[in-house]
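Take a look at the structure below.
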Amino acid sequence: MKKTLFLVFSGAIVIFSIISICSAPIINKILPDSDEWNTHNCQYQSDILKNLEKTNAIEDSIKLQKKIRNQCNREKAMYGLEYSSLILDVTLGFICTILGLLHYFDVAKPFEKVSGIIGLATGVIGLVMTLVYICYSGYIFTKDVAYRDFAQTGTTSDTIFKLNGDGVIAEKQSDGNYKCIYHDKDNKDAIYAKYNDLGKKQYNYEKKRHYDNSEYTKCQVDKDKAGCDSDGKLYLSTGSIPSCDNIYLNSPSYDFHNKYLFDRWITTFIFSCFICACCIGLAIFGFFLFKSDGSGI
């Protein structure tokens with residue numbers, strides 16, 4: 001039984017690793033500009049932070065720069081982990097699958113203890129590497145601002161404003177001003193969408209919003225000209241805000257790329273969790289194989 005389960009867990013790691021590699025957002029370049037994550041200059045972001053602290057800049061600027069520096073470090077780490085953990089999993093899993101086949105057909109009995117040690121080591125190494133990757137990937141997916149650009153100064157030019165289900169960015173207040181609905185004075189990043197938001201309809205093509213909603217057409221603002229000030233008031237760099245109860249963001253997406261990225265990221269995350277479970281199983285039955293008395297039970 002232990003030989004069979006050793007083979008099953010080894011084979012499952014190979015299969016799940018291949019699925020994860022085929023769906024991984026960085027490896028497959030589905031995540032825009034992710035090929036630059038490995039070359040992020042996070043030291044530059046750290047130097048900016050040190051300079052802000054040295055010049056006694058306002059606390060909000062320091063907090064924001066800390067977020068930018070930390071996200072830069074996380075993305076750089078995730079890039080390396082996605083390649084190293086998944087490729088390591090499929091490689092070591094394949095080796096253990098070959099060993100498992102040999103033991104399943106009883107053609108490598110003298111090497112059971114060696115195979116057991118290899119299986120145990122593969123399970124432990126695979127579990128640690130994949131679990132660390134899952135932690136980084138999950139944190140970035142749920143907590144970090146989507147598409148933040150670190151190329152120069154941590155600008156948010158590529159980010160997407162957070163919208164409600166109807167695509168609204170701001171609502172009219174009793175004083176006639178328009179307030180960004182997701183503004184949070186204690187969290188400057190609250191107005192931007194995170195990666196786990198990108199699967200929602202408001203960040204992807206929707207016929208009703210583009211063609212069947214006259215209010216949307218009348219009350220939209222250009223995403224490249226819109227912004228929210230420190231009080232949460234909507235402003236435009238040029239032009240005036242339409243006189244409407246709700247203000248929509250102009251064409252957040254004409255395609256389904258955001259949904260596609262969301263689905264592939266979730267798929268990789270789920271199958272990486274399966275890999276971790278199989279690594280635990282492989283480590284356990286690798287240990288049993290190492291302790292085997294050769295009876296084959």
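Just remember, in the structure tokens the first chain shown is A, the second B, etc., residues are 1-based per chain, and ligands are 1-based in the order shown.
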Please report as JSON lines every residue of range 147-243 of chain A lying within 8 Å of range 251-271 of chain A, along with the nearest atom pair and their distance in Å (one decimal), using only C-alpha atoms.
```
{"residue": "A:Ile160", "atom": "CA", "partner": "A:Pro252", "partner_atom": "CA", "distance": 7.6}
{"residue": "A:Tyr195", "atom": "CA", "partner": "A:Phe262", "partner_atom": "CA", "distance": 7.1}
{"residue": "A:Asn196", "atom": "CA", "partner": "A:Phe262", "partner_atom": "CA", "distance": 6.7}
{"residue": "A:Leu198", "atom": "CA", "partner": "A:Asn258", "partner_atom": "CA", "distance": 5.2}
{"residue": "A:Gly199", "atom": "CA", "partner": "A:Lys259", "partner_atom": "CA", "distance": 4.3}
{"residue": "A:Lys200", "atom": "CA", "partner": "A:Lys259", "partner_atom": "CA", "distance": 7.2}
{"residue": "A:Gln202", "atom": "CA", "partner": "A:Pro252", "partner_atom": "CA", "distance": 7.4}
{"residue": "A:Tyr203", "atom": "CA", "partner": "A:Pro252", "partner_atom": "CA", "distance": 5.8}
{"residue": "A:Asn204", "atom": "CA", "partner": "A:Ser253", "partner_atom": "CA", "distance": 5.0}
{"residue": "A:Tyr205", "atom": "CA", "partner": "A:Tyr254", "partner_atom": "CA", "distance": 4.8}
{"residue": "A:Glu206", "atom": "CA", "partner": "A:Tyr254", "partner_atom": "CA", "distance": 8.0}
{"residue": "A:His210", "atom": "CA", "partner": "A:Ser251", "partner_atom": "CA", "distance": 7.5}
{"residue": "A:Lys223", "atom": "CA", "partner": "A:Pro252", "partner_atom": "CA", "distance": 7.5}
```
Residue selection dump (C-alpha atoms) as a PDB file, in the first residue's frame:
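What ended up in out-v2.pdb:
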```
ATOM      1  CA  ILE A 160      -7.465  50.992 -11.936  1.00  0.00           C
ATOM      2  CA  TYR A 195      -5.979  41.898  -8.204  1.00  0.00           C
ATOM      3  CA  ASN A 196      -8.795  39.930  -6.571  1.00  0.00           C
ATOM      4  CA  LEU A 198     -10.388  42.115 -11.430  1.00  0.00           C
ATOM      5  CA  GLY A 199     -12.776  39.216 -11.990  1.00  0.00           C
ATOM      6  CA  LYS A 200     -15.795  41.461 -11.397  1.00  0.00           C
ATOM      7  CA  GLN A 202     -17.074  46.384 -13.776  1.00  0.00           C
ATOM      8  CA  TYR A 203     -13.436  45.736 -14.716  1.00  0.00           C
ATOM      9  CA  ASN A 204     -14.265  43.806 -17.881  1.00  0.00           C
ATOM     10  CA  TYR A 205     -16.303  44.315 -21.032  1.00  0.00           C
ATOM     11  CA  GLU A 206     -20.025  44.582 -20.390  1.00  0.00           C
ATOM     12  CA  HIS A 210     -21.084  50.370 -23.097  1.00  0.00           C
ATOM     13  CA  LYS A 223      -9.900  57.508 -16.424  1.00  0.00           C
TER      14      LYS A 223
END
```
Excluding Leu249 in chain A and residues on its chain fewer than 5 positions from it, collect all residues at most 8 Å away from it, counting only C-alpha atoms, and give them as an mmCIF file with C-alpha atoms, in the first residue's frame.
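Written out: result.cif:
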```cif
data_model
loop_
_atom_site.group_PDB
_atom_site.id
_atom_site.type_symbol
_atom_site.label_atom_id
_atom_site.label_comp_id
_atom_site.auth_asym_id
_atom_site.auth_seq_id
_atom_site.Cartn_x
_atom_site.Cartn_y
_atom_site.Cartn_z
ATOM 1 C CA GLY A 167 -19.038 51.079 -12.708
ATOM 2 C CA VAL A 168 -19.526 54.165 -10.525
ATOM 3 C CA ILE A 169 -16.418 55.946 -9.239
ATOM 4 C CA GLN A 220 -18.653 59.275 -17.596
ATOM 5 C CA VAL A 221 -15.211 60.781 -17.054
ATOM 6 C CA ASP A 222 -11.906 59.852 -18.655
ATOM 7 C CA LYS A 223 -9.900 57.508 -16.424
#
```
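You will find CA of Gly116 in chain A at 4.2 Å from CA of Phe290 in chain A.
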- Glu215 in chain A: which residues within 12 Å, counting only C-alpha atoms, same-chain residues fewer than 6 positions away excluded, as a count of residues only? 14
Exercise: Ala193 in chain A partners within 7 Å, only C-alpha atoms, chain neighbours under 4 positions left out, as an mmCIF file with N, CA and C atoms, in the first residue's frame:
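Below is the file out.cif, written as the result:
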```
data_model
loop_
_atom_site.group_PDB
_atom_site.id
_atom_site.type_symbol
_atom_site.label_atom_id
_atom_site.label_comp_id
_atom_site.auth_asym_id
_atom_site.auth_seq_id
_atom_site.Cartn_x
_atom_site.Cartn_y
_atom_site.Cartn_z
ATOM 1 N N VAL A 145 -2.268 46.707 -4.652
ATOM 2 C CA VAL A 145 -2.890 47.459 -5.738
ATOM 3 C C VAL A 145 -2.504 46.823 -7.074
ATOM 4 N N ALA A 146 -3.502 46.581 -7.911
ATOM 5 C CA ALA A 146 -3.255 45.949 -9.205
ATOM 6 C C ALA A 146 -2.549 46.899 -10.162
ATOM 7 N N ILE A 160 -6.052 50.875 -11.563
ATOM 8 C CA ILE A 160 -7.465 50.992 -11.936
ATOM 9 C C ILE A 160 -8.234 51.492 -10.728
ATOM 10 N N PHE A 161 -9.020 52.528 -10.911
ATOM 11 C CA PHE A 161 -9.837 53.010 -9.809
ATOM 12 C C PHE A 161 -10.852 51.945 -9.412
ATOM 13 N N LYS A 162 -11.098 51.832 -8.118
ATOM 14 C CA LYS A 162 -12.076 50.883 -7.623
ATOM 15 C C LYS A 162 -13.476 51.390 -7.917
ATOM 16 N N ASP A 197 -10.062 41.899 -7.281
ATOM 17 C CA ASP A 197 -11.253 42.601 -7.768
ATOM 18 C C ASP A 197 -11.443 42.426 -9.271
#
```
- Message: I'd like to know which residues of range 54-284 of chain A are strand (DSSP E or B) (by DSSP, run on the backbone); could you write them as a list in words?
- Response: Val145, Phe161, Val168, Ile169, Ala170, Glu171, Lys172, Tyr178, Lys179, Cys180, Tyr192, Lys194, Gln220, Val221, Ala226, Gly227, Cys228, Lys233, Leu234, Tyr235, Leu236, Asn246, Ile247, Tyr248 and Leu249 of chain A
Go ahead and dump the residues you just picked, N, CA and C atoms, as a tab-separated table (two decimals), in the first residue's frame.
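The resulting out.tsv:
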```tsv
chain	number	residue	atom	x	y	z
A	145	VAL	N	-2.27	46.71	-4.65
A	145	VAL	CA	-2.89	47.46	-5.74
A	145	VAL	C	-2.50	46.82	-7.07
A	161	PHE	N	-9.02	52.53	-10.91
A	161	PHE	CA	-9.84	53.01	-9.81
A	161	PHE	C	-10.85	51.94	-9.41
A	168	VAL	N	-19.53	52.81	-11.07
A	168	VAL	CA	-19.53	54.17	-10.53
A	168	VAL	C	-18.25	54.41	-9.74
A	169	ILE	N	-17.62	55.57	-9.99
A	169	ILE	CA	-16.42	55.95	-9.24
A	169	ILE	C	-16.74	56.96	-8.15
A	170	ALA	N	-17.76	57.81	-8.37
A	170	ALA	CA	-18.07	58.86	-7.40
A	170	ALA	C	-19.57	59.15	-7.39
A	171	GLU	N	-20.05	59.64	-6.25
A	171	GLU	CA	-21.46	60.00	-6.10
A	171	GLU	C	-21.57	61.47	-5.69
A	172	LYS	N	-22.67	62.08	-6.12
A	172	LYS	CA	-22.91	63.49	-5.81
A	172	LYS	C	-23.34	63.64	-4.36
A	178	TYR	N	-18.53	65.87	-5.70
A	178	TYR	CA	-18.59	64.44	-5.99
A	178	TYR	C	-17.52	63.73	-5.17
A	179	LYS	N	-17.94	62.74	-4.40
A	179	LYS	CA	-17.01	62.03	-3.53
A	179	LYS	C	-16.72	60.63	-4.08
A	180	CYS	N	-15.44	60.29	-4.15
A	180	CYS	CA	-15.04	58.94	-4.57
A	180	CYS	C	-15.59	57.94	-3.55
A	192	TYR	N	-8.11	52.29	-5.21
A	192	TYR	CA	-7.63	51.49	-6.33
A	192	TYR	C	-8.04	50.02	-6.20
A	194	LYS	N	-7.75	45.99	-6.39
A	194	LYS	CA	-6.73	44.97	-6.13
A	194	LYS	C	-6.90	43.85	-7.16
A	220	GLN	N	-19.96	59.90	-17.76
A	220	GLN	CA	-18.65	59.28	-17.60
A	220	GLN	C	-17.53	60.30	-17.64
A	221	VAL	N	-16.42	59.95	-17.01
A	221	VAL	CA	-15.21	60.78	-17.05
A	221	VAL	C	-14.05	59.92	-17.53
A	226	ALA	N	-9.09	61.59	-14.32
A	226	ALA	CA	-9.79	61.60	-13.04
A	226	ALA	C	-8.84	61.34	-11.88
A	227	GLY	N	-9.21	61.84	-10.71
A	227	GLY	CA	-8.43	61.62	-9.50
A	227	GLY	C	-9.27	61.93	-8.28
A	228	CYS	N	-8.76	61.54	-7.11
A	228	CYS	CA	-9.44	61.82	-5.85
A	228	CYS	C	-8.46	62.57	-4.95
A	233	LYS	N	-12.66	63.99	-2.69
A	233	LYS	CA	-13.44	64.65	-3.73
A	233	LYS	C	-12.88	64.29	-5.10
A	234	LEU	N	-13.78	63.98	-6.03
A	234	LEU	CA	-13.38	63.69	-7.40
A	234	LEU	C	-12.96	64.97	-8.10
A	235	TYR	N	-11.87	64.91	-8.85
A	235	TYR	CA	-11.45	66.05	-9.65
A	235	TYR	C	-10.98	65.57	-11.01
A	236	LEU	N	-10.98	66.47	-11.98
A	236	LEU	CA	-10.47	66.18	-13.31
A	236	LEU	C	-9.30	67.09	-13.62
A	246	ASN	N	-24.50	60.08	-10.30
A	246	ASN	CA	-23.39	59.13	-10.24
A	246	ASN	C	-22.42	59.43	-11.38
A	247	ILE	N	-21.13	59.30	-11.10
A	247	ILE	CA	-20.11	59.51	-12.12
A	247	ILE	C	-19.45	58.15	-12.42
A	248	TYR	N	-19.39	57.82	-13.70
A	248	TYR	CA	-18.83	56.55	-14.14
A	248	TYR	C	-17.44	56.75	-14.72
A	249	LEU	N	-16.65	55.72	-14.68
A	249	LEU	CA	-15.32	55.78	-15.27
A	249	LEU	C	-15.40	55.33	-16.72
```
Contacts of range 95-100 of chain A at 7 Å (only C-alpha atoms; same-chain gap of 4+ positions) as a short mmCIF file (atom, residue, chain, number, x, y, z; two decimals) with C-alpha atoms, in the first residue's frame:
```cif
data_model
loop_
_atom_site.label_atom_id
_atom_site.label_comp_id
_atom_site.auth_asym_id
_atom_site.auth_seq_id
_atom_site.Cartn_x
_atom_site.Cartn_y
_atom_site.Cartn_z
CA LYS A 3 4.43 1.86 -2.49
CA PHE A 6 4.09 6.86 -2.84
CA LEU A 7 3.49 6.53 -6.59
CA SER A 10 4.38 11.57 -6.77
CA GLY A 11 2.29 11.40 -9.94
CA THR A 91 11.22 17.93 -11.60
CA TYR A 104 5.38 -0.65 -7.54
CA SER A 115 13.91 6.13 -2.46
CA GLY A 119 10.56 11.02 -1.31
#
```
Give me the residues near Asp158 in chain A as a PDB file with N, CA and C atoms, in the first residue's frame, where near means some atom within 8 Å (using only C-alpha atoms) and where sequence neighbours in that chain fewer than 6 positions away do not count.
```pdb
ATOM      1  N   TYR A 147      -1.550  46.374 -10.847  1.00  0.00           N
ATOM      2  CA  TYR A 147      -0.850  47.079 -11.919  1.00  0.00           C
ATOM      3  C   TYR A 147      -0.084  48.314 -11.454  1.00  0.00           C
ATOM      4  N   ARG A 148       0.287  48.371 -10.190  1.00  0.00           N
ATOM      5  CA  ARG A 148       1.097  49.515  -9.761  1.00  0.00           C
ATOM      6  C   ARG A 148       2.448  49.462 -10.473  1.00  0.00           C
ATOM      7  N   ASP A 149       2.892  50.600 -10.970  1.00  0.00           N
ATOM      8  CA  ASP A 149       4.116  50.679 -11.762  1.00  0.00           C
ATOM      9  C   ASP A 149       5.272  51.191 -10.903  1.00  0.00           C
TER      10      ASP A 149
END
```
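If you look at CA of Asp231 in chain A and CA of Asp60 in chain A, they are 13.1 Å away from each other.
Interatomic distance, CA of Arg74 in chain A against CA of Asn187 in chain A: 19.2 Å.
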- Among range 24-157 of chain A, which residues carry a DSSP assignment of alpha helix (DSSP H), reported as an NGL selection string? :A and (42-54 or 59-104 or 112-143)
- Task: Return the single residue from A:Lys188, A:Ile13, A:Thr39, A:His103 that is closest to Ile62 in chain A, with distances computed using only C-alpha atoms.
- Result: A:Lys188
- Item | Counting only C-alpha atoms, the option among A:Phe287, A:Ile30, A:Ser292, A:Asp186 closest to Ile117 in chain A | A:Phe287
